[in-house]
Amino acid sequence: MNHLPEHIRQKVFNHPCYSEEAHHYFARMHVAVAPACNIQCNYCNRKYDCANESRPGVVSELHHPVQAVKKVLAVAATIPQMTVLGIAGPGDPLANPERTFETFRMLSEQAPDIKLCVSTNGLSLPEQVEQLSQYNIDHVTITINCVDPDVGAQIYPWIFWKNKRIKGREAAEILIAQQQKGLEMLVAKGILVKVNSVMIPGVNDKHLEEVSKIVKAKGAFLHNVMPLISEAEHGTFYGLTGQRGPTNEELQALQDACEGDMNMMRHCRQCRADAVGLLGEDRGSEFTMDKVEQMEINYPEAMKMRAEVHAAINEELESKRLAKESKVQLVSIQGLQKKETTRPVLMAVATKGGGVINEHFGHAGEFLIYEASSDGVRFIGHRKTTPYCEGDISCGDGESVLDKTLKVLAGCEAVLCSKVGYEPWGPLEAAGIQPNGEHAMEPIEDAVLKVYEEMRVAGKLEAKADEQQKVA
Amino acid sequence: MALEIIELCTNCWACQPLCPSKAIYEAKPHFLIDPDKCNECSGDFEDSQCASICPIEGAILNADGEPMNPPGSLTNIPLQKLAA
């Protein structure tokens with residue numbers, strides 16, 4: 001986030017989906033007001049009513065704009081950290097322009113302290129740009145999986161265009177042209193654009209580096225490469241035809257390759273079209289429509305309380321940023337004096353938010369992955385698992401919950417949590433992952449650096465570096 | 001001569017605003033087509049609009065009771081995989 005130009009940084013520093021720092025503190029919600037879609041993607045199945053699934057395109061309750069606004073006000077008053085309201089589906093928000101814009105219009109009047117954003121496949125984007133710019137919507141996400149129609153034909157079986165269903169390469173060609181045109185028009189209007197891409201091994205994985213270059217050149221400020229989700233039980237084309245998603249390593253390699261001087265986003269949780277809460281959590285069940293109807297919300301009052309909460313968080317973020325900047329300067333001065341290159345190490349972290357290590361190993365439903373190296377600490381991504389303490393239920397193919405977590409943590413050499421139980425300790429060590437509960441409540445990056453430094457002192461960083469040199 | 005929406009419909013609203021005859025209406029448990037109003041878009045469009053945007057194979061039937069979008073025609077999912 002710090003390498004963004006200042007005017008963009010100011011716009012996104014408190015947006016959990018755009019800022020890695022902010023996502024520890026601020027929450028977002030989506031309202032499901034947009035059921036219709038104008039295209040079909042091979043990773044989507046248009047049956048969207050499952051409470052147990054956490055993936056895009058899925059919702060439990062569809063809302064009319066008036067209900068949606070009621071729900072947003074209730075959530076914003078209850079969870080003051082909620083700064084962002086997005087419309088993401090379950091279809092395409094811009095294929096439902098009346099519902100989408102009616103929701104935005106009411107919210108910009110009733111809750112001016114909430115940021116509005118929208119995501120789209122881009123097909124009808126060019127004709128909606130003018131209206132988007134009128135509702136104080138300064139963030140748009142376009143899903144762009146390709147710029148080559150031959151690749152597109154393997155991702156999109158059809159689009160609905162000018163009163164006809166169009167299939168195959170022709171469909172992809174139109175969609176791509178509309179996406180690129182929409183991107184250019186938004187940038188020209190000064191609306192921030194993030195580009196999402198779904199990484200589909202063997203289909204567009206090699207192609208996404210080119211996509212990244214093009215969208216960056218056209219002015220997208222952030223690129224988010226997400227892994228394909230293709231479980232057979234979701235009933236999608238990819239799921240049923242055995243198309244696999246990328247491994248964590250493949251995803252990371254592509255994100256690294258796309259990075260260059262472009263900002264890559266690595267903390268996306270691919271949330272549901274009706275998600276509520278911090279990224280990685282979903283409190284949607286606390287705000288079903290029947291519960292919302294019971295709540296008495298005085299929003300002007302709530303807005304005062306929200307402003308106080310936001311000011312406190314912003315102060316904390318700002319002081320962290322300044323501390324980080326001065327640390328970076330210090331490190332680079334030290335680096336001049338003594339240039340020592342040690343090998344990079346991946347570490348997993350269990351956190352509930354707030355940017356500190358505050359989650360038990362056994363309660364973590366996901367781990368954040370950081371890379372420590374002689375250049376400092378960088379965030380790599382998150383990996384989901386089943387919390388170990390949810391019991392030793394096998395995951396279907398006889399794999400225990402702990403086995404699953406060990407697999408998810410593959411490649412990490414340490415796991416930092418507020419506490420690690422006795423039982424998983426041995427298997428973690430045996431898998432080459434050092435359990436560490438010594439940094440509870442410490443800021444994540446500081447703790448990762450400390451553990452890295454301990455490894456350096458213990459000579460654990462030199463051994464493999466020597467090997468690397470021999471190989472080189 | 002009219003089309004019909006059957007229980008496979010997921011209530012996604014995509015068809016409703018497109019109907020030139022305003023024959024499609026919200027109903028429980030799913031959207032319906034008023035057979036007195038539906039003319040299958042003849043005179044308005046080359047293709048029936050509802051059947052051209054509907055994402056669910058088999059959800060809209062023609063006047064003979066046959067699916068406008070048969071299994072596999074929209075998703076390209078092979079039939080044996082759909083059955084499994």
# chains A, B, ... in the order shown; residues from 1 in each chain; ligands from 1
>>> residues_around(residues="Tyr156 in chain A", least_positions_apart="5", cutoff="10 Å", atoms="only C-alpha atoms", output="list in words")
Ile39, Gln40, Cys41, Asn42, Tyr43, Asn145, Pro149, Val151, Lys167, Gly168, Arg169, Ala171, Ala172 and Leu175 of chain A; Thr75 of chain B
>>> residues_around(residues="range 59-65 of chain B", least_positions_apart="4", cutoff="9 Å", atoms="only C-alpha atoms", output="PDB file with N, CA, C and O atoms, in the first residue's frame")
ATOM      1  N   MET B   1     -49.841 -20.215 -28.562  1.00  0.00           N
ATOM      2  CA  MET B   1     -48.387 -20.177 -28.732  1.00  0.00           C
ATOM      3  C   MET B   1     -47.764 -19.396 -27.572  1.00  0.00           C
ATOM      4  O   MET B   1     -47.845 -18.158 -27.546  1.00  0.00           O
ATOM      5  N   ALA B   2     -47.223 -20.149 -26.616  1.00  0.00           N
ATOM      6  CA  ALA B   2     -46.616 -19.451 -25.479  1.00  0.00           C
ATOM      7  C   ALA B   2     -45.530 -20.320 -24.867  1.00  0.00           C
ATOM      8  O   ALA B   2     -45.578 -21.546 -24.965  1.00  0.00           O
ATOM      9  N   LEU B   3     -44.567 -19.655 -24.237  1.00  0.00           N
ATOM     10  CA  LEU B   3     -43.529 -20.390 -23.519  1.00  0.00           C
ATOM     11  C   LEU B   3     -43.978 -20.574 -22.070  1.00  0.00           C
ATOM     12  O   LEU B   3     -44.884 -19.918 -21.588  1.00  0.00           O
ATOM     13  N   GLU B   4     -43.277 -21.495 -21.382  1.00  0.00           N
ATOM     14  CA  GLU B   4     -43.648 -21.780 -19.992  1.00  0.00           C
ATOM     15  C   GLU B   4     -42.389 -21.895 -19.135  1.00  0.00           C
ATOM     16  O   GLU B   4     -41.389 -22.494 -19.562  1.00  0.00           O
ATOM     17  N   ILE B   5     -42.434 -21.304 -17.936  1.00  0.00           N
ATOM     18  CA  ILE B   5     -41.321 -21.458 -16.987  1.00  0.00           C
ATOM     19  C   ILE B   5     -41.701 -22.566 -16.005  1.00  0.00           C
ATOM     20  O   ILE B   5     -42.807 -22.547 -15.455  1.00  0.00           O
ATOM     21  N   ILE B   6     -40.798 -23.518 -15.783  1.00  0.00           N
ATOM     22  CA  ILE B   6     -41.119 -24.615 -14.865  1.00  0.00           C
ATOM     23  C   ILE B   6     -40.237 -24.564 -13.613  1.00  0.00           C
ATOM     24  O   ILE B   6     -39.428 -23.649 -13.452  1.00  0.00           O
ATOM     25  N   GLU B   7     -40.406 -25.566 -12.749  1.00  0.00           N
ATOM     26  CA  GLU B   7     -39.846 -25.494 -11.393  1.00  0.00           C
ATOM     27  C   GLU B   7     -38.315 -25.456 -11.334  1.00  0.00           C
ATOM     28  O   GLU B   7     -37.754 -25.179 -10.278  1.00  0.00           O
ATOM     29  N   LEU B   8     -37.616 -25.673 -12.434  1.00  0.00           N
ATOM     30  CA  LEU B   8     -36.157 -25.566 -12.414  1.00  0.00           C
ATOM     31  C   LEU B   8     -35.700 -24.108 -12.267  1.00  0.00           C
ATOM     32  O   LEU B   8     -34.544 -23.838 -11.941  1.00  0.00           O
ATOM     33  N   CYS B   9     -36.602 -23.177 -12.494  1.00  0.00           N
ATOM     34  CA  CYS B   9     -36.297 -21.742 -12.402  1.00  0.00           C
ATOM     35  C   CYS B   9     -35.711 -21.400 -11.026  1.00  0.00           C
ATOM     36  O   CYS B   9     -36.201 -21.862 -10.005  1.00  0.00           O
ATOM     37  N   THR B  10     -34.636 -20.578 -11.017  1.00  0.00           N
ATOM     38  CA  THR B  10     -34.008 -20.183  -9.752  1.00  0.00           C
ATOM     39  C   THR B  10     -34.362 -18.746  -9.363  1.00  0.00           C
ATOM     40  O   THR B  10     -33.735 -18.187  -8.467  1.00  0.00           O
ATOM     41  N   GLU B  40     -44.033 -15.395 -27.715  1.00  0.00           N
ATOM     42  CA  GLU B  40     -42.690 -15.913 -28.020  1.00  0.00           C
ATOM     43  C   GLU B  40     -41.836 -14.864 -28.733  1.00  0.00           C
ATOM     44  O   GLU B  40     -40.951 -15.188 -29.514  1.00  0.00           O
ATOM     45  N   CYS B  50     -36.550 -14.383 -23.137  1.00  0.00           N
ATOM     46  CA  CYS B  50     -36.378 -15.087 -21.856  1.00  0.00           C
ATOM     47  C   CYS B  50     -35.484 -16.308 -22.043  1.00  0.00           C
ATOM     48  O   CYS B  50     -34.581 -16.569 -21.246  1.00  0.00           O
ATOM     49  N   ALA B  51     -35.718 -17.037 -23.136  1.00  0.00           N
ATOM     50  CA  ALA B  51     -34.936 -18.255 -23.369  1.00  0.00           C
ATOM     51  C   ALA B  51     -33.509 -17.935 -23.792  1.00  0.00           C
ATOM     52  O   ALA B  51     -32.627 -18.783 -23.704  1.00  0.00           O
ATOM     53  N   CYS B  54     -31.875 -16.976 -20.087  1.00  0.00           N
ATOM     54  CA  CYS B  54     -32.036 -17.917 -18.977  1.00  0.00           C
ATOM     55  C   CYS B  54     -30.788 -18.790 -18.820  1.00  0.00           C
ATOM     56  O   CYS B  54     -30.327 -19.395 -19.779  1.00  0.00           O
ATOM     57  N   PRO B  55     -30.201 -18.837 -17.599  1.00  0.00           N
ATOM     58  CA  PRO B  55     -28.973 -19.614 -17.416  1.00  0.00           C
ATOM     59  C   PRO B  55     -29.226 -21.087 -17.063  1.00  0.00           C
ATOM     60  O   PRO B  55     -28.271 -21.858 -16.985  1.00  0.00           O
ATOM     61  N   ASN B  69     -33.742 -24.707 -23.908  1.00  0.00           N
ATOM     62  CA  ASN B  69     -32.299 -24.906 -23.723  1.00  0.00           C
ATOM     63  C   ASN B  69     -32.084 -26.300 -23.135  1.00  0.00           C
ATOM     64  O   ASN B  69     -32.118 -26.470 -21.921  1.00  0.00           O
TER      65      ASN B  69
END
>>> residues_around(residues="range 22-34 of chain B", least_positions_apart="3", cutoff="6 Å", atoms="only C-alpha atoms", output="PyMOL selection string")
chain B and resi 4-5+11+16+19+37-38
>>> write_last_selection(atoms="N, CA, C and O atoms", output="mmCIF file, in the first residue's frame")
data_model
loop_
_atom_site.group_PDB
_atom_site.id
_atom_site.type_symbol
_atom_site.label_atom_id
_atom_site.label_comp_id
_atom_site.auth_asym_id
_atom_site.auth_seq_id
_atom_site.Cartn_x
_atom_site.Cartn_y
_atom_site.Cartn_z
ATOM 1 N N GLU B 4 -43.277 -21.495 -21.382
ATOM 2 C CA GLU B 4 -43.648 -21.780 -19.992
ATOM 3 C C GLU B 4 -42.389 -21.895 -19.135
ATOM 4 O O GLU B 4 -41.389 -22.494 -19.562
ATOM 5 N N ILE B 5 -42.434 -21.304 -17.936
ATOM 6 C CA ILE B 5 -41.321 -21.458 -16.987
ATOM 7 C C ILE B 5 -41.701 -22.566 -16.005
ATOM 8 O O ILE B 5 -42.807 -22.547 -15.455
ATOM 9 N N ASN B 11 -35.335 -18.147 -10.022
ATOM 10 C CA ASN B 11 -35.784 -16.798 -9.667
ATOM 11 C C ASN B 11 -34.671 -15.760 -9.756
ATOM 12 O O ASN B 11 -34.500 -14.944 -8.858
ATOM 13 N N GLN B 16 -37.264 -11.345 -16.690
ATOM 14 C CA GLN B 16 -38.445 -10.510 -16.469
ATOM 15 C C GLN B 16 -38.397 -9.138 -17.147
ATOM 16 O O GLN B 16 -39.326 -8.763 -17.870
ATOM 17 N N CYS B 19 -38.857 -9.076 -21.300
ATOM 18 C CA CYS B 19 -40.046 -9.529 -22.030
ATOM 19 C C CYS B 19 -40.762 -8.348 -22.690
ATOM 20 O O CYS B 19 -41.226 -7.432 -22.012
ATOM 21 N N LYS B 37 -50.470 -13.492 -22.686
ATOM 22 C CA LYS B 37 -49.678 -12.343 -23.151
ATOM 23 C C LYS B 37 -48.489 -12.770 -24.006
ATOM 24 O O LYS B 37 -48.054 -12.031 -24.887
ATOM 25 N N CYS B 38 -47.927 -13.948 -23.720
ATOM 26 C CA CYS B 38 -46.701 -14.381 -24.404
ATOM 27 C C CYS B 38 -46.975 -14.672 -25.882
ATOM 28 O O CYS B 38 -47.896 -15.403 -26.224
#
>>> interface_residues(of="chain B", to="chain A", cutoff="7 Å", atoms="only C-alpha atoms", output="PDB file with N, CA, C and O atoms, in the first residue's frame")
ATOM      1  N   THR B  10     -34.636 -20.578 -11.017  1.00  0.00           N
ATOM      2  CA  THR B  10     -34.008 -20.183  -9.752  1.00  0.00           C
ATOM      3  C   THR B  10     -34.362 -18.746  -9.363  1.00  0.00           C
ATOM      4  O   THR B  10     -33.735 -18.187  -8.467  1.00  0.00           O
ATOM      5  N   CYS B  12     -33.932 -15.790 -10.854  1.00  0.00           N
ATOM      6  CA  CYS B  12     -32.795 -14.862 -10.966  1.00  0.00           C
ATOM      7  C   CYS B  12     -33.193 -13.532 -11.585  1.00  0.00           C
ATOM      8  O   CYS B  12     -32.350 -12.638 -11.690  1.00  0.00           O
ATOM      9  N   TRP B  13     -34.421 -13.369 -12.023  1.00  0.00           N
ATOM     10  CA  TRP B  13     -34.919 -12.094 -12.538  1.00  0.00           C
ATOM     11  C   TRP B  13     -34.383 -11.716 -13.921  1.00  0.00           C
ATOM     12  O   TRP B  13     -34.760 -10.675 -14.444  1.00  0.00           O
ATOM     13  N   ALA B  14     -33.480 -12.493 -14.485  1.00  0.00           N
ATOM     14  CA  ALA B  14     -32.840 -12.045 -15.726  1.00  0.00           C
ATOM     15  C   ALA B  14     -33.867 -11.853 -16.837  1.00  0.00           C
ATOM     16  O   ALA B  14     -33.794 -10.892 -17.606  1.00  0.00           O
ATOM     17  N   ASP B  47     -35.138 -13.952 -31.561  1.00  0.00           N
ATOM     18  CA  ASP B  47     -35.144 -15.055 -30.591  1.00  0.00           C
ATOM     19  C   ASP B  47     -36.000 -14.672 -29.385  1.00  0.00           C
ATOM     20  O   ASP B  47     -36.047 -13.501 -29.002  1.00  0.00           O
ATOM     21  N   GLN B  49     -36.672 -13.731 -25.909  1.00  0.00           N
ATOM     22  CA  GLN B  49     -35.715 -13.088 -25.017  1.00  0.00           C
ATOM     23  C   GLN B  49     -35.481 -13.870 -23.726  1.00  0.00           C
ATOM     24  O   GLN B  49     -34.353 -14.006 -23.269  1.00  0.00           O
ATOM     25  N   SER B  52     -33.280 -16.706 -24.237  1.00  0.00           N
ATOM     26  CA  SER B  52     -31.936 -16.336 -24.685  1.00  0.00           C
ATOM     27  C   SER B  52     -31.035 -15.877 -23.538  1.00  0.00           C
ATOM     28  O   SER B  52     -29.826 -15.813 -23.699  1.00  0.00           O
ATOM     29  N   ILE B  53     -31.632 -15.539 -22.396  1.00  0.00           N
ATOM     30  CA  ILE B  53     -30.786 -15.125 -21.258  1.00  0.00           C
ATOM     31  C   ILE B  53     -30.863 -16.135 -20.115  1.00  0.00           C
ATOM     32  O   ILE B  53     -29.984 -16.166 -19.252  1.00  0.00           O
ATOM     33  N   PRO B  55     -30.201 -18.837 -17.599  1.00  0.00           N
ATOM     34  CA  PRO B  55     -28.973 -19.614 -17.416  1.00  0.00           C
ATOM     35  C   PRO B  55     -29.226 -21.087 -17.063  1.00  0.00           C
ATOM     36  O   PRO B  55     -28.271 -21.858 -16.985  1.00  0.00           O
ATOM     37  N   LEU B  74     -26.140 -25.046 -22.595  1.00  0.00           N
ATOM     38  CA  LEU B  74     -25.643 -23.762 -22.101  1.00  0.00           C
ATOM     39  C   LEU B  74     -24.320 -23.891 -21.362  1.00  0.00           C
ATOM     40  O   LEU B  74     -23.463 -23.018 -21.436  1.00  0.00           O
ATOM     41  N   THR B  75     -24.177 -24.970 -20.621  1.00  0.00           N
ATOM     42  CA  THR B  75     -22.982 -25.121 -19.786  1.00  0.00           C
ATOM     43  C   THR B  75     -21.889 -25.905 -20.485  1.00  0.00           C
ATOM     44  O   THR B  75     -20.740 -25.904 -20.026  1.00  0.00           O
ATOM     45  N   ILE B  77     -21.578 -28.893 -20.260  1.00  0.00           N
ATOM     46  CA  ILE B  77     -21.226 -30.033 -19.406  1.00  0.00           C
ATOM     47  C   ILE B  77     -21.713 -31.310 -20.096  1.00  0.00           C
ATOM     48  O   ILE B  77     -22.875 -31.403 -20.486  1.00  0.00           O
ATOM     49  N   LYS B  81     -21.870 -36.470 -17.264  1.00  0.00           N
ATOM     50  CA  LYS B  81     -21.430 -35.782 -16.042  1.00  0.00           C
ATOM     51  C   LYS B  81     -22.632 -35.117 -15.361  1.00  0.00           C
ATOM     52  O   LYS B  81     -22.703 -35.041 -14.146  1.00  0.00           O
TER      53      LYS B  81
END
>>> closest_residue(among="A:Ile380, A:Gly242, A:Asp92, A:Val451", to="Pro78 in chain B", atoms="only C-alpha atoms")
A:Gly242
>>> residues_around(residues="Cys268 in chain A", least_positions_apart="6", cutoff="12 Å", atoms="only C-alpha atoms", output="list in words")
Pro16, Cys17, Tyr18, Ser19, Glu20, His23, Arg55, Pro56, Lys194, Asn196, Ser197, Val198, Leu222, His223, Asn224, Val225, Met226, Pro227, Leu278, Leu279, Gly280, Leu368, Phe379, Ile380, Gly381, His382, Arg383 and Lys384 of chain A
>>> atom_distance(atom1="CA of Glu127 in chain A", atom2="CA of Met185 in chain A")
9.9 Å
>>> select_by_dssp(residues="range 2-66 of chain B", states="strand (DSSP E or B)", output="ChimeraX atom specification")
/B:4-5,24-25,32-33,60-61
>>> write_last_selection(atoms="N, CA, C and O atoms", output="PDB file, in the first residue's frame")
ATOM      1  N   GLU B   4     -43.277 -21.495 -21.382  1.00  0.00           N
ATOM      2  CA  GLU B   4     -43.648 -21.780 -19.992  1.00  0.00           C
ATOM      3  C   GLU B   4     -42.389 -21.895 -19.135  1.00  0.00           C
ATOM      4  O   GLU B   4     -41.389 -22.494 -19.562  1.00  0.00           O
ATOM      5  N   ILE B   5     -42.434 -21.304 -17.936  1.00  0.00           N
ATOM      6  CA  ILE B   5     -41.321 -21.458 -16.987  1.00  0.00           C
ATOM      7  C   ILE B   5     -41.701 -22.566 -16.005  1.00  0.00           C
ATOM      8  O   ILE B   5     -42.807 -22.547 -15.455  1.00  0.00           O
ATOM      9  N   ILE B  24     -44.034 -11.935 -18.226  1.00  0.00           N
ATOM     10  CA  ILE B  24     -43.353 -12.664 -17.143  1.00  0.00           C
ATOM     11  C   ILE B  24     -43.590 -11.941 -15.825  1.00  0.00           C
ATOM     12  O   ILE B  24     -43.445 -10.721 -15.742  1.00  0.00           O
ATOM     13  N   TYR B  25     -43.970 -12.687 -14.813  1.00  0.00           N
ATOM     14  CA  TYR B  25     -44.209 -12.057 -13.502  1.00  0.00           C
ATOM     15  C   TYR B  25     -43.651 -12.912 -12.369  1.00  0.00           C
ATOM     16  O   TYR B  25     -43.537 -14.126 -12.464  1.00  0.00           O
ATOM     17  N   LEU B  32     -43.401 -16.932 -13.492  1.00  0.00           N
ATOM     18  CA  LEU B  32     -44.349 -17.554 -14.419  1.00  0.00           C
ATOM     19  C   LEU B  32     -44.519 -16.686 -15.657  1.00  0.00           C
ATOM     20  O   LEU B  32     -44.215 -15.491 -15.627  1.00  0.00           O
ATOM     21  N   ILE B  33     -45.011 -17.334 -16.719  1.00  0.00           N
ATOM     22  CA  ILE B  33     -45.327 -16.609 -17.951  1.00  0.00           C
ATOM     23  C   ILE B  33     -46.843 -16.650 -18.149  1.00  0.00           C
ATOM     24  O   ILE B  33     -47.451 -17.725 -18.083  1.00  0.00           O
ATOM     25  N   ILE B  60     -37.165 -23.324 -19.223  1.00  0.00           N
ATOM     26  CA  ILE B  60     -38.204 -22.730 -20.079  1.00  0.00           C
ATOM     27  C   ILE B  60     -38.571 -23.719 -21.182  1.00  0.00           C
ATOM     28  O   ILE B  60     -37.683 -24.257 -21.862  1.00  0.00           O
ATOM     29  N   LEU B  61     -39.860 -23.975 -21.310  1.00  0.00           N
ATOM     30  CA  LEU B  61     -40.341 -24.930 -22.313  1.00  0.00           C
ATOM     31  C   LEU B  61     -41.026 -24.187 -23.462  1.00  0.00           C
ATOM     32  O   LEU B  61     -41.619 -23.125 -23.254  1.00  0.00           O
TER      33      LEU B  61
END
>>> atom_distance(atom1="CA of Ser73 in chain B", atom2="CA of His234 in chain A")
18.5 Å
>>> atom_distance(atom1="CA of Lys404 in chain A", atom2="CA of Pro387 in chain A")
9.9 Å
>>> residues_around(residues="Ala253 in chain A", least_positions_apart="5", cutoff="12 Å", atoms="only C-alpha atoms", output="ChimeraX atom specification")
/A:199,205-206,208-209,225,246-248,258-259,266,380-381
>>> decode(residues="range 27-35 of chain A", atoms="all heavy atoms", output="short mmCIF file (atom, residue, chain, number, x, y, z; two decimals), in the first residue's frame")
data_model
loop_
_atom_site.label_atom_id
_atom_site.label_comp_id
_atom_site.auth_asym_id
_atom_site.auth_seq_id
_atom_site.Cartn_x
_atom_site.Cartn_y
_atom_site.Cartn_z
N ALA A 27 -13.99 -3.73 8.20
CA ALA A 27 -14.84 -4.80 7.69
C ALA A 27 -15.60 -4.31 6.47
O ALA A 27 -15.74 -3.12 6.22
CB ALA A 27 -15.81 -5.25 8.77
N ARG A 28 -16.12 -5.27 5.72
CA ARG A 28 -16.92 -4.95 4.53
C ARG A 28 -18.19 -5.78 4.59
O ARG A 28 -18.30 -6.75 5.32
CB ARG A 28 -16.15 -5.27 3.25
CG ARG A 28 -15.62 -6.72 3.14
CD ARG A 28 -16.66 -7.76 2.92
NE ARG A 28 -16.14 -9.10 2.89
CZ ARG A 28 -16.22 -9.96 3.91
NH1 ARG A 28 -16.75 -9.59 5.06
NH2 ARG A 28 -15.78 -11.18 3.78
N MET A 29 -19.16 -5.38 3.80
CA MET A 29 -20.30 -6.27 3.61
C MET A 29 -20.76 -6.19 2.17
O MET A 29 -20.51 -5.22 1.46
CB MET A 29 -21.44 -5.94 4.57
CG MET A 29 -22.22 -4.69 4.25
SD MET A 29 -23.61 -4.45 5.39
CE MET A 29 -24.76 -5.74 4.90
N HIS A 30 -21.40 -7.26 1.75
CA HIS A 30 -22.01 -7.30 0.43
C HIS A 30 -23.51 -7.45 0.62
O HIS A 30 -23.94 -8.14 1.54
CB HIS A 30 -21.52 -8.52 -0.36
CG HIS A 30 -20.09 -8.44 -0.78
ND1 HIS A 30 -19.37 -9.55 -1.18
CD2 HIS A 30 -19.23 -7.40 -0.86
CE1 HIS A 30 -18.14 -9.18 -1.50
NE2 HIS A 30 -18.03 -7.90 -1.31
N VAL A 31 -24.29 -6.81 -0.22
CA VAL A 31 -25.73 -7.10 -0.23
C VAL A 31 -26.09 -7.76 -1.55
O VAL A 31 -25.64 -7.34 -2.61
CB VAL A 31 -26.62 -5.86 0.01
CG1 VAL A 31 -26.63 -5.50 1.48
CG2 VAL A 31 -26.19 -4.69 -0.85
N ALA A 32 -26.92 -8.79 -1.43
CA ALA A 32 -27.29 -9.57 -2.60
C ALA A 32 -28.56 -8.99 -3.20
O ALA A 32 -29.67 -9.40 -2.88
CB ALA A 32 -27.50 -11.02 -2.20
N VAL A 33 -28.39 -7.97 -4.04
CA VAL A 33 -29.56 -7.36 -4.69
C VAL A 33 -29.58 -7.64 -6.19
O VAL A 33 -30.50 -7.24 -6.88
CB VAL A 33 -29.62 -5.83 -4.47
CG1 VAL A 33 -29.82 -5.48 -3.01
CG2 VAL A 33 -28.39 -5.14 -5.03
N ALA A 34 -28.52 -8.27 -6.68
CA ALA A 34 -28.35 -8.38 -8.14
C ALA A 34 -28.31 -9.83 -8.60
O ALA A 34 -27.25 -10.40 -8.80
CB ALA A 34 -27.07 -7.66 -8.55
N PRO A 35 -29.46 -10.45 -8.77
CA PRO A 35 -29.46 -11.88 -9.11
C PRO A 35 -29.21 -12.19 -10.59
O PRO A 35 -28.71 -13.25 -10.92
CB PRO A 35 -30.86 -12.34 -8.70
CG PRO A 35 -31.71 -11.11 -8.85
CD PRO A 35 -30.81 -9.94 -8.52
#
